[in-house]
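These notes are about the structure you will find just below.
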Amino acid sequence: MTALASRGTDGAGNAALRRRLSTLVLALAVYGALSVPAPPELRFAELAIGALLALTAGLWRPLTVVTGHALRGRGGGRDAWELLGILALAWLLWVPLLRGAWQGWSLANTLRDVVPLLYLFLPVMLVPVLRRARDGAAGRPVPGLAVDALALGLMLAGFLFVLRWWRQAGWEFEAVGARAMADGSAYVLNAPSVLFAAVGLPFAAAALARRGGMLRWGLAMLFLSAGLLCLAALAGAVHRVALGLAALAFLAVGARWAARVPLTMLLLAPVAGGLGWLFAGTLLGAVDLAIEKTRVTGANGRWEEAAAVLAQISRSPWSFLFGDGWGALVENPAVGGWRVSYTHTLVSYILAKAGALGLVALLAYFGAMAVRAAGLLRANPPLAWALLAPLAMALGLHTSFKYLDTGLLLTLMMLAAEHRPASVR
């Protein structure tokens, strides 16, 4: 998680890229400061975010993607993940949309499904736009500046969500590890950007400290403090999956650093040991609370929910293949049997709305992105693990697959996959 420089970029392309990135970071700042992960209605903050995202992506690129027109033109220069993304979106948008309209689902419920779908395909809309800064000599993509800006913007959004949660919680730091604190009315800690900030900020702090200098050490302490505040919020609200994934990320990157740069780890070990000693009681209390929550709630009805979805789509071959369409409701045992428009995992959600064929289309898109980004774990482990933790939570175990920051984390992953400096360890 070090600062990456965009080198050799032509002036006009770089200026245009900076304008787009400025609007994108501003959209994330508004998101973290004024919006919520799952807004119940469109307010000024959501309209402002939408307008800023439109300024970032433009109107032409999203329009050509959703209509399939982007498939025309320079086919040879398009990555496989981008091609599969355009094809998958064409299927997932129009087939369930027409099926939902045929069955008469409400417009409001349909929009609640379609907008999150578009979030998942933000990489297809944003990456080609943000990679347009070119090396004047070789014509190669130079996405390093975009990686920096988007990573910092997402960490800023997550940190702002955490500050809002702490304010609502009354800044009761002593409650962490002592009792389970409330999630709050807006569930802001569910945003994947919070976990990204909780993992990414300490990694950024370590990278700054390794480079030395008083200014960098000062920034490192600031980033570390912000990251600890995010981790404390997740521990206070007993977000078991998020905390487990954060611990896994720290262990994985710490082990790599210990093997490759033992001197740096010797310098950082006293800091880690001091923090462990200082917060030992809080850490043990948080672990006890997580174990107790698991004993009481188990998997929060995920298996029963999946069984209900399979029963619903198995009533006919058409429902199994194509789902019930965008806007369909599910009698969900995870929320007391109410008929709701969501499920708590992406797989069951797509099966309910788009059926088995829709799930195949989505998995093909994700698979192509995973293949393209696989090398990021070797080239930039801190960033890779900071991305992997929230994406694993959002796409595998949580409703946050419907949130804006999930799509932007996927966008960051694909941009970073195109910019993998060997100097980052």
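By order of appearance in the structure tokens: chains A, B, ..., then residues from 1 within every chain, and ligands from 1 in the order shown.
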Worksheet item: Quick one: residues within 9 Å of Ala186 in chain A, only C-alpha atoms counted, chain neighbours fewer than 2 positions away excluded, as a VMD selection string?
Response: chain A and resid 36 to 39 165 183 to 184 188 to 189
Item to complete: Extract, using only C-alpha atoms, all DNA, RNA and protein residues at most 10 Å from Pro128 in chain A, discarding same-chain residues fewer than 3 positions from it, and format them as a list in words.
Response: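 Result of the neighbour search: Ala57, Arg61, Arg78, Glu82, Pro123, Val124, Met125, Arg131, Arg132, Pro141 and Leu415 of chain A.
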Write a file of the just-selected residues containing C-alpha atoms, as a tab-separated table (two decimals), in the first residue's frame.
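Okay, selection_10.tsv is ready:
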chain	number	residue	atom	x	y	z
A	57	ALA	CA	-17.45	7.80	-16.26
A	61	ARG	CA	-19.28	4.58	-21.93
A	78	ARG	CA	-10.13	-5.59	-25.16
A	82	GLU	CA	-14.04	-6.76	-20.05
A	123	PRO	CA	-15.24	-2.01	-13.52
A	124	VAL	CA	-16.47	-2.43	-17.10
A	125	MET	CA	-17.65	1.19	-17.14
A	131	ARG	CA	-6.81	3.89	-18.04
A	132	ARG	CA	-6.88	6.45	-20.86
A	141	PRO	CA	-1.70	2.33	-19.87
A	415	LEU	CA	-6.90	-1.08	-12.15
Practice prompt. For Glu172 in chain A, list every protein, DNA or RNA residue within 10 Å, evaluated using only C-alpha atoms, and leave out those in the same chain fewer than 4 positions away; present the list as a list in words.
Written response: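 Selected residues are Trp166, Arg167, Gln168, Val176, Met181 and Gly236 of chain A.
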Item to complete: Could you find all residues in range 34-247 of chain A that DSSP calls helix (DSSP H, G or I) from the backbone, and write them as a PyMOL selection string?
Response: chain A and resi 34+44-57+60-67+69-71+75-77+80-103+107-120+122-130+144-168+173-175+188-190+192-211+214-236+240-247
Practice prompt. Give me the residues within 10 Å of Ala394 in chain A as a PyMOL selection string, counting only C-alpha atoms and dropping any in the same chain fewer than 3 places off.
Written response: chain A and resi 190-192+242+344-346+388-391+397-403+405-406
I need the residues from that last selection saved to file as a short mmCIF file (atom, residue, chain, number, x, y, z; two decimals), in the first residue's frame (with N, CA, C and O atoms), if you can.
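Final file, selection_10.cif:
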data_model
loop_
_atom_site.label_atom_id
_atom_site.label_comp_id
_atom_site.auth_asym_id
_atom_site.auth_seq_id
_atom_site.Cartn_x
_atom_site.Cartn_y
_atom_site.Cartn_z
N ASN A 190 -21.52 -1.92 7.84
CA ASN A 190 -21.65 -2.99 6.85
C ASN A 190 -20.98 -2.64 5.53
O ASN A 190 -20.78 -3.52 4.69
N ALA A 191 -20.64 -1.37 5.32
CA ALA A 191 -20.02 -0.95 4.07
C ALA A 191 -18.66 -1.63 3.90
O ALA A 191 -17.84 -1.60 4.81
N PRO A 192 -18.39 -2.26 2.75
CA PRO A 192 -17.09 -2.90 2.54
C PRO A 192 -15.92 -1.93 2.65
O PRO A 192 -14.81 -2.34 2.97
N ALA A 242 -15.91 -9.80 9.33
CA ALA A 242 -14.97 -8.72 9.01
C ALA A 242 -13.71 -8.83 9.86
O ALA A 242 -12.59 -8.70 9.35
N HIS A 344 -29.32 -12.62 1.78
CA HIS A 344 -28.10 -12.20 2.44
C HIS A 344 -26.83 -12.69 1.77
O HIS A 344 -25.72 -12.40 2.25
N THR A 345 -26.94 -13.43 0.68
CA THR A 345 -25.76 -13.84 -0.07
C THR A 345 -26.00 -13.61 -1.56
O THR A 345 -27.13 -13.72 -2.04
N LEU A 346 -24.94 -13.30 -2.27
CA LEU A 346 -25.06 -12.99 -3.69
C LEU A 346 -25.55 -14.19 -4.49
O LEU A 346 -26.36 -14.03 -5.42
N LEU A 388 -9.03 -8.20 -0.91
CA LEU A 388 -9.62 -9.53 -0.80
C LEU A 388 -10.55 -9.65 0.40
O LEU A 388 -11.61 -10.29 0.31
N ALA A 389 -10.18 -9.04 1.52
CA ALA A 389 -11.00 -9.16 2.73
C ALA A 389 -12.41 -8.61 2.53
O ALA A 389 -13.40 -9.33 2.74
N PRO A 390 -12.60 -7.35 2.12
CA PRO A 390 -13.97 -6.85 1.94
C PRO A 390 -14.70 -7.48 0.78
O PRO A 390 -15.93 -7.65 0.83
N LEU A 391 -13.98 -7.85 -0.29
CA LEU A 391 -14.66 -8.47 -1.42
C LEU A 391 -15.14 -9.88 -1.08
O LEU A 391 -16.23 -10.29 -1.51
N LEU A 397 -20.66 -13.59 1.75
CA LEU A 397 -21.35 -13.85 3.00
C LEU A 397 -22.23 -12.72 3.50
O LEU A 397 -22.74 -12.80 4.62
N HIS A 398 -22.46 -11.69 2.69
CA HIS A 398 -23.08 -10.50 3.24
C HIS A 398 -23.93 -9.80 2.20
O HIS A 398 -23.71 -9.95 1.00
N THR A 399 -24.88 -8.99 2.67
CA THR A 399 -25.72 -8.22 1.74
C THR A 399 -24.98 -7.07 1.09
O THR A 399 -25.53 -6.42 0.19
N SER A 400 -23.76 -6.81 1.49
CA SER A 400 -23.04 -5.66 0.96
C SER A 400 -22.63 -5.82 -0.50
O SER A 400 -22.02 -4.91 -1.07
N PHE A 401 -22.95 -6.95 -1.13
CA PHE A 401 -22.75 -7.05 -2.57
C PHE A 401 -23.59 -6.03 -3.32
O PHE A 401 -23.33 -5.74 -4.49
N LYS A 402 -24.60 -5.45 -2.66
CA LYS A 402 -25.48 -4.49 -3.32
C LYS A 402 -25.00 -3.05 -3.15
O LYS A 402 -25.66 -2.12 -3.61
N TYR A 403 -23.85 -2.83 -2.51
CA TYR A 403 -23.42 -1.48 -2.17
C TYR A 403 -22.48 -0.91 -3.23
O TYR A 403 -21.75 -1.64 -3.91
N ASP A 405 -19.69 0.72 -2.83
CA ASP A 405 -18.25 0.52 -2.63
C ASP A 405 -17.78 -0.86 -3.06
O ASP A 405 -16.60 -1.03 -3.37
N THR A 406 -18.68 -1.84 -3.12
CA THR A 406 -18.27 -3.15 -3.64
C THR A 406 -17.85 -3.03 -5.10
O THR A 406 -16.81 -3.56 -5.52
#
Item to complete: Run DSSP on the backbone and grab whatever in range 314-384 of chain A lands in strand (DSSP E or B); send it over as an MDAnalysis selection string.
Response: chainID A and resid 330:332 338:340
Practice prompt. Counting only C-alpha atoms, figure out which residue out of A:Pro96, A:Gly407, A:Gly212, A:Gly244 gets nearest to Val199 in chain A.
Written response: A:Gly244
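Closest approach to Arg43 in chain A among A:Gly285, A:Trp303, A:Leu329, A:Tyr31: A:Tyr31, based on only C-alpha atoms.
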Practice prompt. For each of A:Ala374, A:Ala48, A:Leu150, A:Leu245, take the minimum atom-to-atom distance to Ala386 in chain A, counting only C-alpha atoms, then give the residue where this is smallest.
Written response: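 So, comparing all the options, the nearest one is A:Leu245.
The nearest approach to Val330 in chain A among the residues A:Asn109, A:Arg179, A:Ala80, A:Ala416, with only C-alpha atoms taken into account, belongs to A:Asn109.
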Worksheet entry | Near-Val347 in chain A list (8 Å; only C-alpha atoms; drop same-chain fewer than 3 positions) as a PyMOL selection string | chain A and resi 350-351+359+396
